[in-house]
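**Q** Just query23.txt, nothing more (compact mmCIF, C-alpha atoms and all ligand atoms):
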```txt
# COMPACT_ATOMS: atom_id res chain seq x y z
CA MET A 1 33.29 7.75 -45.56
CA ILE A 2 36.32 5.64 -46.53
CA GLN A 3 35.56 3.03 -49.19
CA VAL A 4 38.43 0.91 -50.57
CA GLU A 5 37.79 -1.66 -53.29
CA ASN A 6 40.03 -4.13 -55.08
CA LEU A 7 43.16 -2.10 -54.35
CA SER A 8 46.52 -3.37 -55.53
CA LYS A 9 50.10 -2.18 -55.21
CA SER A 10 53.51 -3.31 -56.46
CA PHE A 11 56.87 -1.68 -55.88
CA THR A 12 59.44 -1.58 -58.67
CA LEU A 13 63.01 -1.55 -57.41
CA HIS A 14 64.67 0.50 -60.14
CA ASN A 15 68.07 0.29 -58.47
CA GLN A 16 67.86 -3.51 -58.25
CA GLY A 17 67.33 -4.53 -61.85
CA GLY A 18 63.72 -3.35 -61.96
CA THR A 19 62.54 -6.17 -59.69
CA VAL A 20 58.79 -5.89 -59.15
CA ILE A 21 57.46 -6.73 -55.68
CA PRO A 22 53.69 -7.21 -55.44
CA VAL A 23 52.67 -6.22 -51.90
CA MET A 24 48.90 -5.93 -52.09
CA ALA A 25 46.03 -7.33 -54.14
CA GLY A 26 42.26 -7.17 -53.77
CA ALA A 27 42.38 -4.93 -50.69
CA ALA A 28 38.93 -3.84 -49.57
CA LEU A 29 37.62 -2.07 -46.49
CA HIS A 30 35.19 0.60 -45.44
CA VAL A 31 35.00 2.96 -42.50
CA ASP A 32 31.66 4.54 -41.66
CA PRO A 33 31.06 7.86 -39.90
CA GLY A 34 31.60 7.58 -36.16
CA GLU A 35 33.65 4.42 -36.51
CA CYS A 36 37.30 3.69 -35.75
CA VAL A 37 38.85 0.78 -37.65
CA GLY A 38 42.31 -0.59 -36.80
CA LEU A 39 44.65 -2.06 -39.40
CA VAL A 40 46.41 -5.15 -38.08
CA GLY A 41 48.69 -7.82 -39.52
CA GLN A 42 52.24 -8.96 -39.04
CA SER A 43 55.21 -6.69 -39.73
CA GLY A 44 55.62 -6.20 -43.47
CA ALA A 45 52.04 -7.22 -44.24
CA GLY A 46 51.31 -3.81 -45.77
CA LYS A 47 49.57 -1.66 -43.12
CA SER A 48 51.67 1.45 -43.81
CA THR A 49 51.50 0.93 -47.57
CA LEU A 50 47.68 0.82 -47.43
CA MET A 51 47.55 3.94 -45.23
CA ARG A 52 49.89 5.81 -47.58
CA MET A 53 47.69 4.94 -50.57
CA ILE A 54 44.58 6.16 -48.72
CA GLN A 55 46.44 9.33 -47.82
CA GLY A 56 47.29 9.84 -51.49
CA ASN A 57 51.05 9.45 -50.99
CA TYR A 58 51.50 6.12 -52.80
CA LEU A 59 49.99 5.49 -56.21
CA PRO A 60 47.96 2.27 -56.29
CA GLY A 61 48.41 -0.16 -59.19
CA GLY A 62 44.62 -0.44 -59.51
CA GLY A 63 41.36 -0.33 -57.64
CA SER A 64 39.36 2.41 -55.97
CA ILE A 65 39.65 4.60 -52.87
CA ARG A 66 36.72 6.89 -52.17
CA ILE A 67 36.98 9.50 -49.43
CA ALA A 68 33.64 11.12 -48.59
CA GLY A 69 32.48 10.19 -52.11
CA THR A 70 35.56 11.52 -53.97
CA GLU A 71 37.65 9.03 -55.94
CA LEU A 72 41.32 9.31 -55.03
CA VAL A 73 42.80 6.82 -57.50
CA GLY A 74 43.74 8.77 -60.61
CA ALA A 75 42.55 12.07 -59.07
CA ALA A 76 44.16 15.35 -60.10
CA PRO A 77 46.71 16.70 -57.59
CA ARG A 78 44.44 19.64 -56.74
CA THR A 79 41.63 17.22 -55.83
CA VAL A 80 44.01 15.45 -53.43
CA THR A 81 45.14 18.80 -52.00
CA ALA A 82 41.54 19.92 -51.48
CA LEU A 83 40.65 16.63 -49.78
CA ARG A 84 43.61 16.95 -47.43
CA ARG A 85 42.79 20.54 -46.61
CA GLY A 86 39.22 20.08 -45.42
CA THR A 87 38.29 16.40 -45.29
CA LEU A 88 41.19 14.04 -44.79
CA GLY A 89 43.18 14.66 -41.61
CA HIS A 90 46.33 12.74 -40.86
CA VAL A 91 48.55 12.10 -37.87
CA SER A 92 51.87 10.52 -38.78
CA GLN A 93 54.53 9.24 -36.42
CA PHE A 94 57.04 11.86 -37.42
CA LEU A 95 56.76 15.61 -37.54
CA ARG A 96 57.95 17.36 -40.68
CA VAL A 97 57.91 21.13 -40.32
CA LEU A 98 59.57 24.19 -41.75
CA PRO A 99 62.33 25.47 -39.48
CA ARG A 100 61.66 28.60 -37.38
CA VAL A 101 57.85 28.29 -37.42
CA PRO A 102 56.57 28.44 -33.80
CA ALA A 103 54.75 25.35 -32.51
CA VAL A 104 51.50 27.27 -32.08
CA ASP A 105 51.55 28.32 -35.74
CA VAL A 106 52.42 24.77 -36.87
CA VAL A 107 49.24 23.61 -35.11
CA ALA A 108 47.12 26.55 -36.31
CA GLU A 109 48.26 26.23 -39.94
CA PRO A 110 45.56 23.74 -41.12
CA LEU A 111 42.89 26.18 -39.88
CA ARG A 112 44.60 29.17 -41.54
CA ALA A 113 44.64 27.19 -44.80
CA LEU A 114 40.86 26.85 -44.46
CA GLY A 115 40.49 30.60 -44.04
CA VAL A 116 39.95 30.69 -40.27
CA PRO A 117 41.02 34.12 -38.89
CA ALA A 118 44.47 34.14 -37.27
CA ALA A 119 43.27 34.92 -33.72
CA THR A 120 40.64 32.15 -33.77
CA ALA A 121 43.06 29.61 -35.26
CA ARG A 122 45.70 30.50 -32.68
CA ALA A 123 43.22 30.22 -29.80
CA GLN A 124 42.15 26.76 -30.94
CA ALA A 125 45.76 25.69 -31.38
CA GLU A 126 46.61 26.93 -27.88
CA GLY A 127 43.67 25.00 -26.45
CA LEU A 128 45.03 21.77 -27.91
CA LEU A 129 48.63 22.50 -26.88
CA TRP A 130 47.37 23.06 -23.35
CA ARG A 131 45.29 19.90 -23.40
CA LEU A 132 48.24 17.87 -24.71
CA ASN A 133 50.45 19.20 -21.91
CA ILE A 134 52.93 21.07 -24.11
CA PRO A 135 54.52 23.59 -21.68
CA ARG A 136 53.52 27.17 -22.50
CA ARG A 137 57.21 28.22 -22.73
CA LEU A 138 57.52 25.98 -25.82
CA TRP A 139 54.54 27.36 -27.74
CA ALA A 140 56.55 30.17 -29.39
CA LEU A 141 59.49 27.91 -30.28
CA SER A 142 60.02 25.78 -33.37
CA PRO A 143 59.21 22.11 -32.65
CA THR A 144 62.35 21.02 -34.53
CA THR A 145 64.23 20.79 -31.22
CA PHE A 146 61.35 19.23 -29.25
CA SER A 147 61.58 15.73 -27.76
CA GLY A 148 60.11 12.77 -29.67
CA GLY A 149 56.97 12.73 -27.53
CA GLU A 150 56.55 16.53 -27.75
CA GLN A 151 56.87 16.39 -31.55
CA GLN A 152 54.32 13.63 -31.70
CA ARG A 153 51.89 15.72 -29.63
CA ILE A 154 52.39 18.66 -32.02
CA ASN A 155 51.47 16.30 -34.86
CA ILE A 156 48.41 15.13 -32.95
CA ALA A 157 47.33 18.70 -32.23
CA ARG A 158 47.64 19.52 -35.97
CA GLY A 159 45.55 16.48 -36.85
CA PHE A 160 42.77 17.34 -34.40
CA VAL A 161 42.68 21.14 -34.69
CA HIS A 162 40.11 20.94 -37.51
CA PRO A 163 37.10 18.58 -37.20
CA TYR A 164 38.10 16.51 -40.25
CA PRO A 165 35.33 14.07 -41.30
CA VAL A 166 38.02 11.46 -42.02
CA LEU A 167 41.15 10.83 -39.95
CA LEU A 168 44.14 8.58 -40.63
CA LEU A 169 46.23 7.82 -37.55
CA ASP A 170 49.62 6.16 -37.80
CA GLU A 171 50.70 5.05 -34.31
CA PRO A 172 49.27 8.14 -32.60
CA THR A 173 50.27 6.98 -29.10
CA ALA A 174 53.70 5.50 -29.94
CA SER A 175 56.05 7.73 -27.91
CA LEU A 176 53.66 9.02 -25.27
CA ASP A 177 53.52 8.59 -21.51
CA ALA A 178 50.37 7.24 -19.86
CA ALA A 179 48.78 10.64 -19.17
CA ASN A 180 49.25 11.96 -22.72
CA ARG A 181 48.20 8.66 -24.21
CA GLN A 182 44.92 9.06 -22.33
CA VAL A 183 44.47 12.57 -23.75
CA VAL A 184 44.93 11.19 -27.28
CA LEU A 185 42.45 8.38 -26.64
CA SER A 186 39.95 11.00 -25.44
CA LEU A 187 40.52 13.10 -28.58
CA ILE A 188 39.88 10.02 -30.71
CA ALA A 189 36.72 9.17 -28.75
CA GLU A 190 35.46 12.76 -29.16
CA ALA A 191 36.18 12.67 -32.92
CA LYS A 192 34.18 9.44 -33.19
CA ALA A 193 31.33 10.98 -31.20
CA ARG A 194 31.11 13.92 -33.65
CA GLY A 195 30.93 11.42 -36.53
CA ALA A 196 34.50 11.20 -37.85
CA ALA A 197 35.51 8.06 -39.74
CA ILE A 198 38.90 6.98 -38.37
CA LEU A 199 41.40 4.46 -39.73
CA GLY A 200 44.45 3.75 -37.61
CA ILE A 201 47.54 1.64 -37.07
CA PHE A 202 48.01 1.02 -33.35
CA HIS A 203 50.80 -1.27 -32.23
CA ASP A 204 49.76 -0.35 -28.69
CA ALA A 205 47.17 -3.11 -28.12
CA GLU A 206 45.54 -1.38 -25.14
CA ALA A 207 45.02 1.81 -27.13
CA ARG A 208 43.68 -0.22 -30.04
CA ASP A 209 41.20 -2.05 -27.82
CA ALA A 210 40.12 1.21 -26.22
CA VAL A 211 39.19 3.02 -29.46
CA CYS A 212 38.71 0.54 -32.30
CA ASP A 213 35.23 -0.74 -33.18
CA ARG A 214 36.60 -3.23 -35.73
CA LEU A 215 39.94 -4.56 -36.96
CA VAL A 216 40.95 -5.28 -40.55
CA ASP A 217 43.78 -7.78 -41.02
CA VAL A 218 45.80 -6.73 -44.07
CA THR A 219 47.47 -10.16 -44.22
CA GLY A 220 44.40 -11.18 -46.24
CA PHE A 221 45.43 -8.65 -48.92
CA THR A 222 48.96 -10.05 -49.35
CA PRO A 223 49.28 -11.44 -52.90
CA GLY A 224 49.22 -15.23 -52.86
CA ARG A 225 47.77 -15.30 -49.34
CA ALA A 226 44.31 -13.97 -50.03
CA ALA A 227 41.54 -16.24 -48.81
N1 LIG A 301 58.97 2.21 -50.80
C1 LIG A 301 59.05 0.88 -50.87
N2 LIG A 301 59.79 0.25 -51.80
C2 LIG A 301 59.84 -1.09 -51.87
N3 LIG A 301 59.17 -1.92 -51.04
C3 LIG A 301 58.42 -1.35 -50.10
C4 LIG A 301 58.31 0.07 -49.94
N4 LIG A 301 57.47 0.32 -48.91
C5 LIG A 301 57.09 -0.88 -48.42
N5 LIG A 301 57.64 -1.88 -49.13
C6 LIG A 301 57.44 -3.32 -48.91
O1 LIG A 301 56.04 -3.55 -48.80
C7 LIG A 301 55.76 -4.51 -47.80
C8 LIG A 301 54.79 -3.92 -46.79
O2 LIG A 301 55.45 -2.90 -46.02
P1 LIG A 301 54.67 -1.99 -44.97
O3 LIG A 301 55.64 -1.00 -44.43
O4 LIG A 301 53.42 -1.49 -45.59
O5 LIG A 301 54.31 -3.07 -43.84
P2 LIG A 301 53.68 -2.86 -42.39
O6 LIG A 301 52.60 -3.87 -42.24
O7 LIG A 301 53.33 -1.43 -42.19
O8 LIG A 301 54.91 -3.25 -41.47
P3 LIG A 301 55.38 -2.77 -39.98
O9 LIG A 301 54.32 -3.26 -39.02
O10 LIG A 301 56.68 -3.46 -39.80
O11 LIG A 301 55.49 -1.26 -40.03
C9 LIG A 301 57.11 -4.89 -47.18
O12 LIG A 301 57.52 -6.13 -47.74
C10 LIG A 301 58.03 -3.77 -47.60
O13 LIG A 301 59.35 -4.21 -47.76
```
With the file now loaded, output its structure as structure tokens.
**A**
Amino acid sequence: MIQVENLSKSFTLHNQGGTVIPVMAGAALHVDPGECVGLVGQSGAGKSTLMRMIQGNYLPGGGSIRIAGTELVGAAPRTVTALRRGTLGHVSQFLRVLPRVPAVDVVAEPLRALGVPAATARAQAEGLLWRLNIPRRLWALSPTTFSGGEQQRINIARGFVHPYPVLLLDEPTASLDAANRQVVLSLIAEAKARGAAILGIFHDAEARDAVCDRLVDVTGFTPGRAA
């Protein structure tokens, strides 16, 4: 479902004399349907950079990323958009939303973009908001003023509202209390059970141990340190 081969990445610091920093070389991994793989490695090893490339946000220097058979490296923007709409779900640490859009519509939006009727999309969004313990009085309000943990749960609800075949999770339990963390771990387990391929960064070791089938250490992809 996710197939990464020989991926490389350098950053060019244009405001610092064009200094080129190679951060990744020869990165390779795969995630099969029904599997959750955790990215590990010391701080600065390149976990977020690798995730951002797989999400289509950072341009790799070379190599291949295939998502459900579609090549992402060098793909046209509309191919990336189509992948994100129906195939590649994503839960980031931080919520970025348009102001004044109610939380329930923020969560329902990925379904609306797929053509799901408004009432059905809303009902599914409400089910997730309820499950993630977002108080009903907040559902009609914009999440811009929500607490850190509430915003993270809105992000999680958005990421799980459609049964994406591929899911990228960046610290999905970072600012959650024990009860909500358990809800997220259950959502991940259910996604695995329906066959989703999941790649995640989990600094929370207990959460990582609970859901990951395998770990990939990105330190091995650091230029000059590869085995
Ligand atoms: N936009 C950028 N411009 C320049 N360098 C960057 C950029 N993003 C990341 N880097 C560099 O790439 C390397 C890998 O960073 P990355 O954030 O991927 O590490 P990480 O493993 O996710 O770290 P952490 O666990 O601390 O979040 C670091 O040396 C970082 O400074």
**Q** Compare A:Gly69, A:Gly86, A:Pro172, A:Pro163 by their minimum atom-to-atom distance to His30 in chain A, counting all atoms listed in the file, and give me the closest one.
**A** A:Gly69
**Q** Output the neighbourhood of ligand LIG 301 (chain A) as an mmCIF file with C-alpha atoms, in the coordinates of the input, that is, all protein and nucleic acid residues with some atom at most 9 Å from the ligand, counting all atoms listed in the file.
**A**
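Saved as out.cif:
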```cif
data_model
loop_
_atom_site.group_PDB
_atom_site.id
_atom_site.type_symbol
_atom_site.label_atom_id
_atom_site.label_comp_id
_atom_site.auth_asym_id
_atom_site.auth_seq_id
_atom_site.Cartn_x
_atom_site.Cartn_y
_atom_site.Cartn_z
ATOM 1 C CA LYS A 9 50.100 -2.180 -55.210
ATOM 2 C CA SER A 10 53.510 -3.310 -56.460
ATOM 3 C CA PHE A 11 56.870 -1.680 -55.880
ATOM 4 C CA THR A 12 59.440 -1.580 -58.670
ATOM 5 C CA LEU A 13 63.010 -1.550 -57.410
ATOM 6 C CA VAL A 20 58.790 -5.890 -59.150
ATOM 7 C CA ILE A 21 57.460 -6.730 -55.680
ATOM 8 C CA PRO A 22 53.690 -7.210 -55.440
ATOM 9 C CA VAL A 23 52.670 -6.220 -51.900
ATOM 10 C CA MET A 24 48.900 -5.930 -52.090
ATOM 11 C CA LEU A 39 44.650 -2.060 -39.400
ATOM 12 C CA VAL A 40 46.410 -5.150 -38.080
ATOM 13 C CA GLY A 41 48.690 -7.820 -39.520
ATOM 14 C CA GLN A 42 52.240 -8.960 -39.040
ATOM 15 C CA SER A 43 55.210 -6.690 -39.730
ATOM 16 C CA GLY A 44 55.620 -6.200 -43.470
ATOM 17 C CA ALA A 45 52.040 -7.220 -44.240
ATOM 18 C CA GLY A 46 51.310 -3.810 -45.770
ATOM 19 C CA LYS A 47 49.570 -1.660 -43.120
ATOM 20 C CA SER A 48 51.670 1.450 -43.810
ATOM 21 C CA THR A 49 51.500 0.930 -47.570
ATOM 22 C CA LEU A 50 47.680 0.820 -47.430
ATOM 23 C CA MET A 51 47.550 3.940 -45.230
ATOM 24 C CA ARG A 52 49.890 5.810 -47.580
ATOM 25 C CA TYR A 58 51.500 6.120 -52.800
ATOM 26 C CA ILE A 201 47.540 1.640 -37.070
ATOM 27 C CA HIS A 203 50.800 -1.270 -32.230
ATOM 28 C CA VAL A 218 45.800 -6.730 -44.070
ATOM 29 C CA THR A 219 47.470 -10.160 -44.220
ATOM 30 C CA THR A 222 48.960 -10.050 -49.350
#
```
**Q** Please identify all polymer residues within 12 Å of range 91-93 of chain A, counting all atoms listed in the file, omitting same-chain residues fewer than 3 positions from it, and present them as an NGL selection string.
**A** :A and (48 or 51-52 or 55 or 84 or 88 or 96 or 107 or 148-161 or 164 or 166-176 or 184 or 188 or 198-203)
**Q** Given only C-alpha atoms as the basis, pick out the residue of A:Gly38, A:Gln3, A:His14, A:Ala119 nearest to Asp217 in chain A.
**A**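 Smallest separation from Asp217 in chain A among the options: A:Gly38.
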**Q** Have a look at A:Arg112, A:Asn180, A:Leu95, A:Ala82 and name the one nearest to Leu129 in chain A; count all atoms listed in the file.
**A**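 Answer, going by the shortest atom-to-atom distance: A:Asn180.
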